[in-house]
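A.B. asks: Sharing a structure here in C-alpha cells format.
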Amino acid sequence: MTYRIYSIVSIFIIHIIMFNWHNQHSVFSLAIILWSLVPLFSLHYIINQYEYFHNKTLTTIQSYSAWVLFFAWVTCICFSITMPYAVNVISKTSDHYISLYILSPAVTLFIAAITALIASLVTVIVARLVR
C-alpha cells in the first residue's frame, strides 16, 4: 500500500512542477491539473478494497483480476505522469488544452482498462500454452 501512496505523492509533485511551468497560473488551471489524479485515487481505493477482502497484497494474489488491477495501476501511473507534459507541449501550439485536461481521467482509465484486458488475455493464453 505504501508504494501506491508514494507514487501518488510523487505524481502530485510532478503535476505541481508542470503547473509552475505553464503560462496560465490560476486556481482553475491547478484544479484541472490535479483532476488528472482522479484515476490514481480511484484505482488506489479499489485496490485497497481488493486487498482487504483477500487479506493479501495485490502482487501476491494469483488471479486474473489481480493482474487486471496491477496493469491498470501501472498504466494509470504512466499516463498520469505523461499527460501533464503532453498537454503542456500541446498547449503551446493549441488553445484547446483545457478540454484535454478535463478528459484526461476518462482517457487514462479507458486506456488502463484496455491495457489490463490485453495483459490478462496474454496471461490466460500463456497459462494455457504452458499446461
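Quick note on naming: the chains in the C-alpha cells go A, B, ... in the order shown, residues restart at 1 in each chain, and ligands are numbered from 1 in order of appearance.
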So that I can check the surroundings of Val9 (chain A), please list as a PDB file with C-alpha atoms, in the first residue's frame every protein, DNA and RNA residue that reaches within 12 Å of it, counting only C-alpha atoms and ignoring chain neighbours fewer than 3 positions away.
C.D. replies:
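Wrote selection15.pdb, looks like this:
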ATOM      1  CA  THR A   2       2.781   2.447   0.816  1.00  0.00           C
ATOM      2  CA  TYR A   3       4.293   2.294  -2.666  1.00  0.00           C
ATOM      3  CA  ARG A   4       0.982   3.441  -4.095  1.00  0.00           C
ATOM      4  CA  ILE A   5       0.829   6.396  -1.707  1.00  0.00           C
ATOM      5  CA  TYR A   6       4.427   7.329  -2.571  1.00  0.00           C
ATOM      6  CA  PHE A  12       1.322  15.163  -7.375  1.00  0.00           C
ATOM      7  CA  ILE A  13       4.748  16.854  -7.155  1.00  0.00           C
ATOM      8  CA  ILE A  14       5.303  16.341 -10.890  1.00  0.00           C
ATOM      9  CA  HIS A  15       1.920  17.945 -11.581  1.00  0.00           C
ATOM     10  CA  ILE A  16       2.781  20.936  -9.384  1.00  0.00           C
ATOM     11  CA  LEU A  34      -4.968  17.891 -10.171  1.00  0.00           C
ATOM     12  CA  LEU A  37      -5.024  12.382 -10.334  1.00  0.00           C
ATOM     13  CA  LEU A  40      -4.953   7.078  -9.419  1.00  0.00           C
ATOM     14  CA  PHE A  41      -7.010   7.746  -6.307  1.00  0.00           C
ATOM     15  CA  ILE A  77       0.742   5.852 -13.385  1.00  0.00           C
ATOM     16  CA  SER A  80      -0.730  10.416 -15.078  1.00  0.00           C
ATOM     17  CA  ILE A  81       2.957  11.270 -15.413  1.00  0.00           C
TER      18      ILE A  81
END
A.B. asks: Got a sec: who's within 12 Å of region 115-122 of chain A, counting only C-alpha atoms, leaving out chain neighbours fewer than 3 positions off, as a PyMOL selection string?
C.D. replies: chain A and resi 62-76+78-79+108-112+125-129
A.B. asks: In terms of the shortest atom-to-atom distance over only C-alpha atoms, which of A:Ala113, A:Lys56, A:Ile11, A:Arg131 is closest to Leu43 (chain A)?
C.D. replies: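 For Leu43 (chain A), the nearest of the given residues is A:Ala113.
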A.B. asks: Work out how far apart CA of Ser10 (chain A) and CA of Thr82 (chain A) are and give it in Å to one decimal.
C.D. replies: 12.9 Å
A.B. asks: May I ask which of the residues A:Tyr50, A:Leu58, A:Val38, A:Met83 is the closest one to Met18 (chain A), counting only C-alpha atoms?
C.D. replies: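 The answer is A:Met83, which sits nearest to Met18 (chain A).
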